[in-house]
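*Asks:* The structure file start.pdb (PDB, C-alpha atoms) is provided below.
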```pdb
ATOM      1  CA  MET G   1      90.032 139.672  96.500
ATOM      2  CA  GLU G   2      92.709 140.455  93.925
ATOM      3  CA  GLN G   3      93.566 138.957  90.544
ATOM      4  CA  TYR G   4      96.532 136.625  90.236
ATOM      5  CA  THR G   5      97.686 134.618  87.241
ATOM      6  CA  PHE G   6      98.910 131.036  87.577
ATOM      7  CA  ILE G   7     100.995 129.611  84.735
ATOM      8  CA  VAL G   8     100.574 125.848  85.086
ATOM      9  CA  GLN G   9     102.555 123.162  83.305
ATOM     10  CA  LEU G  10      99.934 120.523  82.423
ATOM     11  CA  PRO G  11     101.220 116.984  81.811
ATOM     12  CA  PHE G  12     100.950 116.152  78.090
ATOM     13  CA  LYS G  13      99.140 119.441  77.386
ATOM     14  CA  GLY G  14     101.817 122.092  77.809
ATOM     15  CA  ARG G  15     101.515 125.395  79.635
ATOM     16  CA  ALA G  16      98.142 126.914  80.443
ATOM     17  CA  SER G  17      97.293 130.222  82.088
ATOM     18  CA  TYR G  18      94.576 130.726  84.697
ATOM     19  CA  THR G  19      93.659 134.190  86.009
ATOM     20  CA  VAL G  20      91.555 134.103  89.180
ATOM     21  CA  ASN G  21      90.513 136.234  92.123
ATOM     22  CA  LEU G  22      92.227 135.184  95.352
ATOM     23  CA  ASP G  23      92.671 136.401  98.882
ATOM     24  CA  GLY G  24      96.401 137.082  98.950
ATOM     25  CA  ARG G  25      96.447 136.501 102.715
ATOM     26  CA  ASP G  26      95.709 132.769 102.385
ATOM     27  CA  PRO G  27      98.597 130.285 102.173
ATOM     28  CA  LEU G  28      99.717 129.831  98.572
ATOM     29  CA  ILE G  29      99.056 126.077  98.616
ATOM     30  CA  GLU G  30      95.414 126.704  99.521
ATOM     31  CA  SER G  31      95.119 129.283  96.755
ATOM     32  CA  PHE G  32      96.449 126.775  94.244
ATOM     33  CA  ALA G  33      94.043 124.157  95.592
ATOM     34  CA  ARG G  34      91.226 126.516  94.540
ATOM     35  CA  ILE G  35      92.775 126.793  91.078
ATOM     36  CA  VAL G  36      92.764 123.015  90.747
ATOM     37  CA  GLU G  37      89.205 122.735  92.021
ATOM     38  CA  ALA G  38      87.962 125.483  89.703
ATOM     39  CA  THR G  39      89.469 123.900  86.586
ATOM     40  CA  GLN G  40      88.300 120.312  87.145
ATOM     41  CA  GLY G  41      86.117 119.310  84.224
ATOM     42  CA  ALA G  42      87.379 122.170  82.090
ATOM     43  CA  GLU G  43      88.817 121.562  78.642
ATOM     44  CA  GLU G  44      92.323 121.794  80.084
ATOM     45  CA  GLU G  45      91.733 120.008  83.356
ATOM     46  CA  ILE G  46      94.632 119.811  85.792
ATOM     47  CA  PRO G  47      94.729 116.092  86.664
ATOM     48  CA  ILE G  48      96.456 116.354  90.041
ATOM     49  CA  GLU G  49      96.091 116.281  93.795
ATOM     50  CA  ILE G  50      98.282 118.403  96.036
ATOM     51  CA  THR G  51      99.525 118.491  99.606
ATOM     52  CA  THR G  52      97.710 121.034 101.749
ATOM     53  CA  ALA G  53      98.977 122.622 104.959
ATOM     54  CA  ASP G  54      97.100 120.087 107.097
ATOM     55  CA  GLY G  55      98.907 117.179 105.449
ATOM     56  CA  ARG G  56      96.225 115.764 103.203
ATOM     57  CA  ARG G  57      97.515 113.220 100.677
ATOM     58  CA  ALA G  58      99.371 114.406  97.582
ATOM     59  CA  GLU G  59      99.763 112.580  94.283
ATOM     60  CA  VAL G  60     102.383 114.907  92.835
ATOM     61  CA  THR G  61     104.934 117.432  94.029
ATOM     62  CA  TRP G  62     104.815 121.072  92.926
ATOM     63  CA  THR G  63     107.040 124.104  93.288
ATOM     64  CA  PHE G  64     105.908 127.720  92.966
ATOM     65  CA  ALA G  65     107.936 130.585  91.549
ATOM     66  CA  LEU G  66     107.301 134.268  90.873
ATOM     67  CA  ALA G  67     108.023 135.049  87.218
ATOM     68  CA  GLY G  68     110.276 138.104  87.062
ATOM     69  CA  GLU G  69     110.442 140.573  84.168
ATOM     70  CA  ASP G  70     114.067 139.631  83.489
ATOM     71  CA  GLY G  71     113.192 135.956  83.171
ATOM     72  CA  ASP G  72     114.469 135.023  86.611
ATOM     73  CA  GLU G  73     112.178 133.148  88.975
ATOM     74  CA  MET G  74     112.019 133.550  92.741
ATOM     75  CA  LEU G  75     110.914 130.419  94.584
ATOM     76  CA  LEU G  76     107.874 130.954  96.777
ATOM     77  CA  SER G  77     106.909 129.207  99.990
ATOM     78  CA  PRO G  78     103.684 127.185  99.510
ATOM     79  CA  HIS G  79     102.717 127.647 103.167
ATOM     80  CA  MET G  80     103.084 131.438 103.272
ATOM     81  CA  SER G  81     100.555 133.929 101.938
ATOM     82  CA  LEU G  82     101.153 135.867  98.724
ATOM     83  CA  VAL G  83     101.048 139.155 100.652
ATOM     84  CA  ASP G  84     103.723 137.989 103.123
ATOM     85  CA  GLN G  85     105.962 137.024 100.194
ATOM     86  CA  GLY G  86     105.544 140.375  98.491
ATOM     87  CA  VAL G  87     103.617 139.064  95.489
ATOM     88  CA  MET G  88     101.637 141.925  93.954
ATOM     89  CA  PRO G  89      98.218 141.477  92.320
ATOM     90  CA  ASN G  90      98.348 140.605  88.594
ATOM     91  CA  ALA G  91     101.706 138.914  89.139
ATOM     92  CA  GLU G  92     102.360 135.687  87.239
ATOM     93  CA  ILE G  93     103.015 132.643  89.434
ATOM     94  CA  VAL G  94     104.688 129.742  87.661
ATOM     95  CA  VAL G  95     103.727 126.280  88.914
ATOM     96  CA  GLU G  96     106.160 123.513  88.037
ATOM     97  CA  ASP G  97     105.439 119.804  88.335
ATOM     98  CA  GLU G  98     108.435 117.998  89.826
ATOM     99  CA  SER G  99     106.720 114.634  90.266
ATOM    100  CA  ASN G 100     107.599 113.304  86.826
ATOM    101  CA  VAL G 101     111.312 114.069  86.955
ATOM    102  CA  GLY G 102     113.016 110.830  85.990
ATOM    103  CA  ALA G 103     109.681 109.225  85.078
ATOM    104  CA  PRO G 104     109.961 106.223  82.767
ATOM    105  CA  ASP G 105     109.535 106.536  79.036
ATOM    106  CA  PRO G 106     105.949 105.382  78.274
ATOM    107  CA  ASP G 107     107.069 102.985  75.539
ATOM    108  CA  ALA G 108     109.771 101.527  77.783
ATOM    109  CA  ARG G 109     107.236 101.104  80.592
ATOM    110  CA  PHE G 110     104.821  99.399  78.176
ATOM    111  CA  ARG G 111     107.502  96.938  77.064
ATOM    112  CA  GLU G 112     108.448  96.233  80.682
ATOM    113  CA  ASP G 113     104.833  95.569  81.649
ATOM    114  CA  CYS G 114     104.368  93.296  78.641
ATOM    115  CA  LEU G 115     107.438  91.291  79.677
ATOM    116  CA  ARG G 116     106.042  90.939  83.205
ATOM    117  CA  LEU G 117     102.689  89.887  81.776
ATOM    118  CA  ALA G 118     104.396  87.274  79.592
ATOM    119  CA  SER G 119     106.154  85.881  82.672
ATOM    120  CA  PHE G 120     102.877  85.773  84.608
ATOM    121  CA  ILE G 121     101.050  84.077  81.711
ATOM    122  CA  GLY G 122     103.930  81.619  81.282
ATOM    123  CA  ALA G 123     103.862  80.664  84.948
ATOM    124  CA  ASN G 124     100.102  80.024  84.739
ATOM    125  CA  ARG G 125      99.774  78.826  81.150
ATOM    126  CA  SER G 126      97.235  76.143  82.049
ATOM    127  CA  HIS G 127      94.720  78.884  82.874
ATOM    128  CA  LEU G 128      95.820  82.078  81.079
ATOM    129  CA  ALA G 129      96.606  83.093  77.496
ATOM    130  CA  VAL G 130      96.986  86.355  75.572
ATOM    131  CA  ILE G 131      94.669  86.325  72.547
ATOM    132  CA  LYS G 132      95.233  89.892  71.332
ATOM    133  CA  GLN G 133      97.801  92.566  72.128
ATOM    134  CA  THR G 134      98.233  96.116  70.820
ATOM    135  CA  ARG G 135      99.578  99.364  72.272
ATOM    136  CA  ARG G 136      96.042 100.337  73.274
ATOM    137  CA  GLN G 137      94.538  97.075  74.569
ATOM    138  CA  ILE G 138      95.316  93.504  75.556
ATOM    139  CA  GLU G 139      92.806  90.647  75.653
ATOM    140  CA  ILE G 140      93.274  87.682  77.969
ATOM    141  CA  GLN G 141      91.588  84.259  77.872
ATOM    142  CA  VAL G 142      90.990  82.677  81.289
ATOM    143  CA  ALA G 143      90.192  78.958  81.276
ATOM    144  CA  GLY G 144      89.426  76.489  84.043
ATOM    145  CA  VAL G 145      88.820  79.100  86.754
ATOM    146  CA  ARG G 146      85.420  78.453  88.297
ATOM    147  CA  ALA G 147      83.422  81.612  88.950
ATOM    148  CA  ILE G 148      79.778  82.365  89.708
ATOM    149  CA  THR G 149      78.038  83.717  86.607
ATOM    150  CA  SER G 150      74.530  83.970  88.122
ATOM    151  CA  VAL G 151      72.284  82.461  90.822
ATOM    152  CA  ASP G 152      69.070  80.501  90.289
ATOM    153  CA  LYS G 153      65.692  81.181  91.943
ATOM    154  CA  HIS G 154      66.778  79.155  94.975
ATOM    155  CA  GLY G 155      69.892  81.262  95.478
ATOM    156  CA  GLN G 156      72.186  78.505  94.242
ATOM    157  CA  PRO G 157      75.175  79.559  92.112
ATOM    158  CA  VAL G 158      75.485  78.884  88.405
ATOM    159  CA  TYR G 159      79.117  78.474  87.444
ATOM    160  CA  GLY G 160      81.288  79.160  84.424
ATOM    161  CA  GLU G 161      84.961  78.391  83.860
ATOM    162  CA  ASN G 162      85.891  80.385  80.755
ATOM    163  CA  HIS G 163      86.291  84.159  80.802
ATOM    164  CA  LYS G 164      87.736  86.974  78.727
ATOM    165  CA  LEU G 165      89.349  90.132  80.038
ATOM    166  CA  ARG G 166      90.376  93.304  78.246
ATOM    167  CA  ILE G 167      93.031  95.694  79.537
ATOM    168  CA  LEU G 168      92.567  99.216  78.178
ATOM    169  CA  ILE G 169      95.740 101.323  78.063
ATOM    170  CA  PRO G 170      95.189 105.111  78.053
ATOM    171  CA  ALA G 171      97.100 107.474  75.785
ATOM    172  CA  ASN G 172      98.947 109.050  78.740
ATOM    173  CA  TYR G 173      99.958 105.722  80.305
ATOM    174  CA  PRO G 174     101.738 105.213  82.687
ATOM    175  CA  PHE G 175     100.778 108.550  84.283
ATOM    176  CA  GLU G 176      97.205 107.266  84.104
ATOM    177  CA  GLY G 177      96.811 103.617  84.970
ATOM    178  CA  PRO G 178      95.417 100.873  82.722
ATOM    179  CA  ARG G 179      91.843  99.657  83.225
ATOM    180  CA  LEU G 180      90.654  96.066  83.344
ATOM    181  CA  VAL G 181      87.267  95.329  81.722
ATOM    182  CA  PRO G 182      85.642  91.852  82.017
ATOM    183  CA  LEU G 183      84.141  90.778  78.665
ATOM    184  CA  THR G 184      82.224  87.830  80.132
ATOM    185  CA  GLU G 185      79.736  88.220  82.959
ATOM    186  CA  VAL G 186      80.624  87.294  86.528
ATOM    187  CA  PHE G 187      78.203  87.529  89.456
ATOM    188  CA  HIS G 188      80.060  89.602  92.031
ATOM    189  CA  PRO G 189      79.233  92.611  94.272
ATOM    190  CA  ASN G 190      82.135  94.604  92.856
ATOM    191  CA  ILE G 191      81.474  94.032  89.133
ATOM    192  CA  ALA G 192      78.575  95.995  87.640
ATOM    193  CA  TYR G 193      77.040  95.587  84.196
ATOM    194  CA  GLY G 194      75.117  98.480  82.703
ATOM    195  CA  THR G 195      74.205  99.486  79.171
ATOM    196  CA  GLY G 196      77.876  99.747  78.270
ATOM    197  CA  GLU G 197      80.925  97.760  79.331
ATOM    198  CA  ALA G 198      81.387  96.168  82.739
ATOM    199  CA  ASN G 199      83.039  98.178  85.488
ATOM    200  CA  VAL G 200      85.139  96.785  88.314
ATOM    201  CA  CYS G 201      85.378  98.340  91.773
ATOM    202  CA  TYR G 202      88.348  96.594  93.307
ATOM    203  CA  THR G 203      88.289  95.084  96.757
ATOM    204  CA  GLU G 204      89.623  96.116 100.133
ATOM    205  CA  GLY G 205      93.260  97.061 100.200
ATOM    206  CA  TYR G 206      93.700  97.626  96.454
ATOM    207  CA  VAL G 207      93.134 100.828  94.493
ATOM    208  CA  PRO G 208      94.439 100.788  90.894
ATOM    209  CA  ASP G 209      96.829 103.551  89.858
ATOM    210  CA  GLY G 210      99.504 104.279  87.302
ATOM    211  CA  ASP G 211     102.007 102.012  89.060
ATOM    212  CA  ASP G 212      99.961  98.881  88.415
ATOM    213  CA  THR G 213     101.223  96.258  86.015
ATOM    214  CA  PHE G 214      98.876  94.410  83.692
ATOM    215  CA  SER G 215      99.555  91.123  85.459
ATOM    216  CA  TYR G 216      98.781  92.551  88.907
ATOM    217  CA  MET G 217      95.352  93.755  87.783
ATOM    218  CA  ILE G 218      94.561  90.297  86.378
ATOM    219  CA  TYR G 219      95.786  88.698  89.598
ATOM    220  CA  GLN G 220      93.448  90.884  91.675
ATOM    221  CA  TRP G 221      90.486  90.089  89.394
ATOM    222  CA  LEU G 222      91.170  86.350  89.711
ATOM    223  CA  ARG G 223      91.100  86.596  93.505
ATOM    224  CA  MET G 224      87.825  88.502  93.365
ATOM    225  CA  VAL G 225      85.896  86.100  91.154
ATOM    226  CA  GLN G 226      86.905  83.148  93.313
ATOM    227  CA  TYR G 227      85.593  85.018  96.379
ATOM    228  CA  ARG G 228      88.941  84.595  98.092
ATOM    229  CA  ARG G 229      89.612  86.212 101.471
ATOM    230  CA  LYS G 230      89.026  89.990 101.197
ATOM    231  CA  GLY G 231      87.698  89.293  97.695
ATOM    232  CA  TRP G 232      84.712  91.606  98.066
ATOM    233  CA  ASN G 233      83.714  94.945  99.529
ATOM    234  CA  LEU G 234      80.380  95.221 101.342
ATOM    235  CA  GLN G 235      81.467  97.788 103.933
ATOM    236  CA  GLU G 236      80.192 100.833 102.074
ATOM    237  CA  PRO G 237      78.463 101.709  98.800
ATOM    238  CA  HIS G 238      80.885 102.009  95.912
ATOM    239  CA  ARG G 239      80.694 103.366  92.436
ATOM    240  CA  HIS G 240      80.349 100.108  90.524
ATOM    241  CA  GLN G 241      78.232  97.965  92.807
ATOM    242  CA  ASN G 242      76.104  94.990  91.733
ATOM    243  CA  GLU G 243      73.290  95.320  94.279
ATOM    244  CA  VAL G 244      71.740  91.911  93.510
ATOM    245  CA  ALA G 245      75.078  90.178  94.050
ATOM    246  CA  SER G 246      75.655  92.240  97.205
ATOM    247  CA  ARG G 247      72.334  91.117  98.722
ATOM    248  CA  TRP G 248      73.033  87.487  97.808
ATOM    249  CA  LEU G 249      76.482  87.597  99.422
ATOM    250  CA  GLU G 250      75.107  89.217 102.574
ATOM    251  CA  GLU G 251      72.636  86.330 102.884
ATOM    252  CA  VAL G 252      75.431  83.795 102.392
ATOM    253  CA  LEU G 253      77.534  85.409 105.105
ATOM    254  CA  ARG G 254      74.667  85.666 107.608
ATOM    255  CA  GLY G 255      74.218  81.928 108.223
ATOM    256  CA  PRO G 256      75.920  78.556 107.881
ATOM    257  CA  ARG G 257      73.577  77.177 105.204
ATOM    258  CA  LEU G 258      75.457  78.625 102.231
ATOM    259  CA  LYS G 259      78.864  79.500 103.679
ATOM    260  CA  HIS G 260      80.380  76.367 102.160
ATOM    261  CA  LEU G 261      79.958  78.039  98.737
ATOM    262  CA  LEU G 262      82.846  80.431  99.408
ATOM    263  CA  PRO G 263      85.532  80.563  98.269
ATOM    264  CA  VAL G 264      84.485  79.101  94.924
ATOM    265  CA  LYS G 265      85.948  75.610  94.666
ATOM    266  CA  PRO G 266      88.152  74.209  93.376
ATOM    267  CA  VAL G 267      90.335  77.156  94.365
ATOM    268  CA  VAL G 268      92.984  77.929  91.747
ATOM    269  CA  ASP G 269      96.262  79.310  93.085
ATOM    270  CA  PHE G 270      98.196  81.443  90.642
ATOM    271  CA  TYR G 271     101.969  81.625  90.605
ATOM    272  CA  TRP G 272     103.264  85.175  90.802
ATOM    273  CA  ALA G 273     105.962  86.059  88.290
TER     274      ALA G 273
END
```
Write the structure described by the file as structure tokens, please.
*Replies:*
Amino acid sequence: MEQYTFIVQLPFKGRASYTVNLDGRDPLIESFARIVEATQGAEEEIPIEITTADGRRAEVTWTFALAGEDGDEMLLSPHMSLVDQGVMPNAEIVVEDESNVGAPDPDARFREDCLRLASFIGANRSHLAVIKQTRRQIEIQVAGVRAITSVDKHGQPVYGENHKLRILIPANYPFEGPRLVPLTEVFHPNIAYGTGEANVCYTEGYVPDGDDTFSYMIYQWLRMVQYRRKGWNLQEPHRHQNEVASRWLEEVLRGPRLKHLLPVKPVVDFYWA
């Protein structure tokens, strides 16, 4: 094991230096994967995923360069070892993030998403309204959409038709996606309520990320609470799981006695805009 120094350009945090012991005979991409793994949870966490030699999924694209004494940089191959590329121990390896080249201005993206949300609200104004909007959060009133709020001792649903949602917008949006938080309780396997705010684990086929618009997150939540097709996930345990609601839904799906309860009727179709 020899010491190498990685100079990493952290999004929104500037350049940070990490000196670690590595086997210079391993492919460079695998060495950098260890850097990422070692710094997760640190004060200057590197919030990325990378492509490894076996083709595992990447979120961003990186280039590697050897920092020369004269200021020049020699591009390195990520799939070759440091030894094979002539990189000596204690050398500085510059890691550049190319994924955000041409990325949208955060304020411009925010305005664009707000315009899309306004179009979505306008197309569905009988059920949706914005009641508060700032650069950090947006609150939405949902009216006339029947959803299960609880079940009684006989396993029969109790319904509610008025709901509030809050969209939280992180400081480094859109590189980190917004988060939807239900402010009113809904009985659903994928919506958990603890001591703090509710948490949503979205359903099959949808994983929120920085590309999501505010309106698309609301649209997905509306499908969930109506128990529309693919509107739940019971296939495997997930982070924010309401176990009571999961057991109730499993009972509903096992026999014909309660199947008429789903989807929740009357079904409200929302116009996409």
*Asks:* May I ask which of the residues G:Ser150, G:Asn233, G:Asn90, G:Ser119 is the closest one to G:Thr213, counting all atoms listed in the file?
*Replies:* G:Ser119
*Asks:* I need the output of the PyMOL selection byres ((chain G and resi 22) around 6) for this file as an NGL selection string; which residues are they?
*Replies:* :G and (1-2 or 21 or 23-24)
*Asks:* By how many Å are atom CA of G:Thr184 and atom CA of G:Arg116 apart?
*Replies:*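 Between these atoms lies a distance of 24.2 Å.
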*Asks:* Give me, as a PDB file with C-alpha atoms, in the coordinates of the input, all polymer residues having an atom no more than 10 Å from G:Asp113, counting only C-alpha atoms and skipping those fewer than 6 positions away in the same chain.
*Replies:*
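Final file, part.pdb:
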```pdb
ATOM      1  CA  ASP G 107     107.069 102.985  75.539  1.00  0.00           C
ATOM      2  CA  SER G 119     106.154  85.881  82.672  1.00  0.00           C
ATOM      3  CA  ASP G 212      99.961  98.881  88.415  1.00  0.00           C
ATOM      4  CA  THR G 213     101.223  96.258  86.015  1.00  0.00           C
ATOM      5  CA  PHE G 214      98.876  94.410  83.692  1.00  0.00           C
ATOM      6  CA  SER G 215      99.555  91.123  85.459  1.00  0.00           C
ATOM      7  CA  TYR G 216      98.781  92.551  88.907  1.00  0.00           C
TER       8      TYR G 216
END
```
*Asks:* Which polymer residues have any atom within 8 Å of an atom of G:Val186, counting all atoms listed in the file, with same-chain residues fewer than 5 positions away left out, as a list in words?
*Replies:*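 Listed by chain and then number, they are Ala147, Ile148, Thr149, Ser150, Ile191 and Val225 of chain G.
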*Asks:* Identify, on the basis of only C-alpha atoms, every residue whose closest approach to G:Trp232 does not exceed 10 Å; exclude the query and any residue fewer than 2 positions from it along the same chain; express the result as a PyMOL selection string.
*Replies:* chain G and resi 188-191+201-204+223-230+234-235+246+249
*Asks:* The PyMOL selection byres ((chain G and resi 162-165) around 10) - which residues does that actually catch in the file I just gave you? List them as a PyMOL selection string.
*Replies:* chain G and resi 127-131+138-147+159-161+166-168+180-186+218+221
*Asks:* Write the selection just made, keeping C-alpha atoms, as a PDB file, in the frame of the given file?
*Replies:*
```
ATOM      1  CA  HIS G 127      94.720  78.884  82.874  1.00  0.00           C
ATOM      2  CA  LEU G 128      95.820  82.078  81.079  1.00  0.00           C
ATOM      3  CA  ALA G 129      96.606  83.093  77.496  1.00  0.00           C
ATOM      4  CA  VAL G 130      96.986  86.355  75.572  1.00  0.00           C
ATOM      5  CA  ILE G 131      94.669  86.325  72.547  1.00  0.00           C
ATOM      6  CA  ILE G 138      95.316  93.504  75.556  1.00  0.00           C
ATOM      7  CA  GLU G 139      92.806  90.647  75.653  1.00  0.00           C
ATOM      8  CA  ILE G 140      93.274  87.682  77.969  1.00  0.00           C
ATOM      9  CA  GLN G 141      91.588  84.259  77.872  1.00  0.00           C
ATOM     10  CA  VAL G 142      90.990  82.677  81.289  1.00  0.00           C
ATOM     11  CA  ALA G 143      90.192  78.958  81.276  1.00  0.00           C
ATOM     12  CA  GLY G 144      89.426  76.489  84.043  1.00  0.00           C
ATOM     13  CA  VAL G 145      88.820  79.100  86.754  1.00  0.00           C
ATOM     14  CA  ARG G 146      85.420  78.453  88.297  1.00  0.00           C
ATOM     15  CA  ALA G 147      83.422  81.612  88.950  1.00  0.00           C
ATOM     16  CA  TYR G 159      79.117  78.474  87.444  1.00  0.00           C
ATOM     17  CA  GLY G 160      81.288  79.160  84.424  1.00  0.00           C
ATOM     18  CA  GLU G 161      84.961  78.391  83.860  1.00  0.00           C
ATOM     19  CA  ARG G 166      90.376  93.304  78.246  1.00  0.00           C
ATOM     20  CA  ILE G 167      93.031  95.694  79.537  1.00  0.00           C
ATOM     21  CA  LEU G 168      92.567  99.216  78.178  1.00  0.00           C
ATOM     22  CA  LEU G 180      90.654  96.066  83.344  1.00  0.00           C
ATOM     23  CA  VAL G 181      87.267  95.329  81.722  1.00  0.00           C
ATOM     24  CA  PRO G 182      85.642  91.852  82.017  1.00  0.00           C
ATOM     25  CA  LEU G 183      84.141  90.778  78.665  1.00  0.00           C
ATOM     26  CA  THR G 184      82.224  87.830  80.132  1.00  0.00           C
ATOM     27  CA  GLU G 185      79.736  88.220  82.959  1.00  0.00           C
ATOM     28  CA  VAL G 186      80.624  87.294  86.528  1.00  0.00           C
ATOM     29  CA  ILE G 218      94.561  90.297  86.378  1.00  0.00           C
ATOM     30  CA  TRP G 221      90.486  90.089  89.394  1.00  0.00           C
TER      31      TRP G 221
END
```
*Asks:* Between atom CA of G:Val8 and atom CA of G:Pro178, what is the distance in Å, rounded to a tenth?
*Replies:*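 We find that atom CA of G:Val8 and atom CA of G:Pro178 lie 25.6 Å from each other.
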*Asks:* Quote the spacing between atom CA of G:Phe64 and atom CA of G:Tyr4 in Å to one decimal place.
*Replies:* 13.2 Å
*Asks:* Using all atoms listed in the file, which of G:Asp84, G:Gln156, G:Tyr271, G:Glu197 sits nearest G:Arg257?
*Replies:* G:Gln156
*Asks:* Go through G:Gln220, G:Phe270, G:Ala171, G:Val151 one by one, measure the shortest atom-to-atom distance of each to G:Val244 using only C-alpha atoms, and give the residue with the smallest value.
*Replies:* G:Val151
*Asks:* So, counting only C-alpha atoms, which residue among G:Leu115, G:Ile35, G:Ala67, G:Leu28 is closest to G:Met80?
*Replies:*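 For G:Met80, the nearest of the candidates is G:Leu28.
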*Asks:* Just so the selection is clear, what residues does the PyMOL selection byres ((chain G and resi 106) around 8) cover here, as a list in words?
*Replies:*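 On the file shown, the PyMOL selection byres ((chain G and resi 106) around 8) covers Pro104, Asp105, Asp107, Ala108, Arg109, Phe110, Asn172, Tyr173 and Pro174 of chain G.
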*Asks:* Atoms to include: C-alpha atoms. Write the selected residues as a tab-separated table (two decimals), in the frame of the given file.
*Replies:*
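Below is the file result.tsv, written as the result:
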```
chain	number	residue	atom	x	y	z
G	104	PRO	CA	109.96	106.22	82.77
G	105	ASP	CA	109.54	106.54	79.04
G	107	ASP	CA	107.07	102.98	75.54
G	108	ALA	CA	109.77	101.53	77.78
G	109	ARG	CA	107.24	101.10	80.59
G	110	PHE	CA	104.82	99.40	78.18
G	172	ASN	CA	98.95	109.05	78.74
G	173	TYR	CA	99.96	105.72	80.31
G	174	PRO	CA	101.74	105.21	82.69
```
*Asks:* Step by step: start from the point (103.0, 128.1, 98.0) in the file's coordinates, keep every protein, DNA or RNA residue that has an atom no farther than 12 Å from it, count all atoms listed in the file, and write the set as a PDB file with C-alpha atoms, in the coordinates of the input.
*Replies:*
```
ATOM      1  CA  PHE G   6      98.910 131.036  87.577  1.00  0.00           C
ATOM      2  CA  GLY G  24      96.401 137.082  98.950  1.00  0.00           C
ATOM      3  CA  ARG G  25      96.447 136.501 102.715  1.00  0.00           C
ATOM      4  CA  ASP G  26      95.709 132.769 102.385  1.00  0.00           C
ATOM      5  CA  PRO G  27      98.597 130.285 102.173  1.00  0.00           C
ATOM      6  CA  LEU G  28      99.717 129.831  98.572  1.00  0.00           C
ATOM      7  CA  ILE G  29      99.056 126.077  98.616  1.00  0.00           C
ATOM      8  CA  GLU G  30      95.414 126.704  99.521  1.00  0.00           C
ATOM      9  CA  SER G  31      95.119 129.283  96.755  1.00  0.00           C
ATOM     10  CA  PHE G  32      96.449 126.775  94.244  1.00  0.00           C
ATOM     11  CA  ALA G  33      94.043 124.157  95.592  1.00  0.00           C
ATOM     12  CA  ILE G  50      98.282 118.403  96.036  1.00  0.00           C
ATOM     13  CA  THR G  51      99.525 118.491  99.606  1.00  0.00           C
ATOM     14  CA  THR G  52      97.710 121.034 101.749  1.00  0.00           C
ATOM     15  CA  ALA G  53      98.977 122.622 104.959  1.00  0.00           C
ATOM     16  CA  THR G  61     104.934 117.432  94.029  1.00  0.00           C
ATOM     17  CA  TRP G  62     104.815 121.072  92.926  1.00  0.00           C
ATOM     18  CA  THR G  63     107.040 124.104  93.288  1.00  0.00           C
ATOM     19  CA  PHE G  64     105.908 127.720  92.966  1.00  0.00           C
ATOM     20  CA  ALA G  65     107.936 130.585  91.549  1.00  0.00           C
ATOM     21  CA  LEU G  66     107.301 134.268  90.873  1.00  0.00           C
ATOM     22  CA  MET G  74     112.019 133.550  92.741  1.00  0.00           C
ATOM     23  CA  LEU G  75     110.914 130.419  94.584  1.00  0.00           C
ATOM     24  CA  LEU G  76     107.874 130.954  96.777  1.00  0.00           C
ATOM     25  CA  SER G  77     106.909 129.207  99.990  1.00  0.00           C
ATOM     26  CA  PRO G  78     103.684 127.185  99.510  1.00  0.00           C
ATOM     27  CA  HIS G  79     102.717 127.647 103.167  1.00  0.00           C
ATOM     28  CA  MET G  80     103.084 131.438 103.272  1.00  0.00           C
ATOM     29  CA  SER G  81     100.555 133.929 101.938  1.00  0.00           C
ATOM     30  CA  LEU G  82     101.153 135.867  98.724  1.00  0.00           C
ATOM     31  CA  VAL G  83     101.048 139.155 100.652  1.00  0.00           C
ATOM     32  CA  ASP G  84     103.723 137.989 103.123  1.00  0.00           C
ATOM     33  CA  GLN G  85     105.962 137.024 100.194  1.00  0.00           C
ATOM     34  CA  VAL G  87     103.617 139.064  95.489  1.00  0.00           C
ATOM     35  CA  ILE G  93     103.015 132.643  89.434  1.00  0.00           C
ATOM     36  CA  VAL G  94     104.688 129.742  87.661  1.00  0.00           C
ATOM     37  CA  VAL G  95     103.727 126.280  88.914  1.00  0.00           C
ATOM     38  CA  GLU G  96     106.160 123.513  88.037  1.00  0.00           C
TER      39      GLU G  96
END
```
*Asks:* Under the rule that all atoms listed in the file are counted, which of G:Glu250, G:Met217, G:Arg34, G:Ala91 is the nearest residue to G:Thr5?
*Replies:*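 Result for the nearest residue to G:Thr5: G:Ala91.
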*Asks:* Around the point (102.0, 86.3, 86.9) in the file's coordinates, collect all residues with an atom within 7 Å, using only C-alpha atoms, and return them as a compact mmCIF listing (two decimals) with C-alpha atoms, keeping the file's coordinate frame.
*Replies:*
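Contents of part.txt, freshly written:
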```txt
# COMPACT_ATOMS: atom_id res chain seq x y z
CA LEU G 117 102.69 89.89 81.78
CA SER G 119 106.15 85.88 82.67
CA PHE G 120 102.88 85.77 84.61
CA ILE G 121 101.05 84.08 81.71
CA ALA G 123 103.86 80.66 84.95
CA ASN G 124 100.10 80.02 84.74
CA SER G 215 99.56 91.12 85.46
CA TYR G 271 101.97 81.62 90.60
CA TRP G 272 103.26 85.18 90.80
CA ALA G 273 105.96 86.06 88.29
```
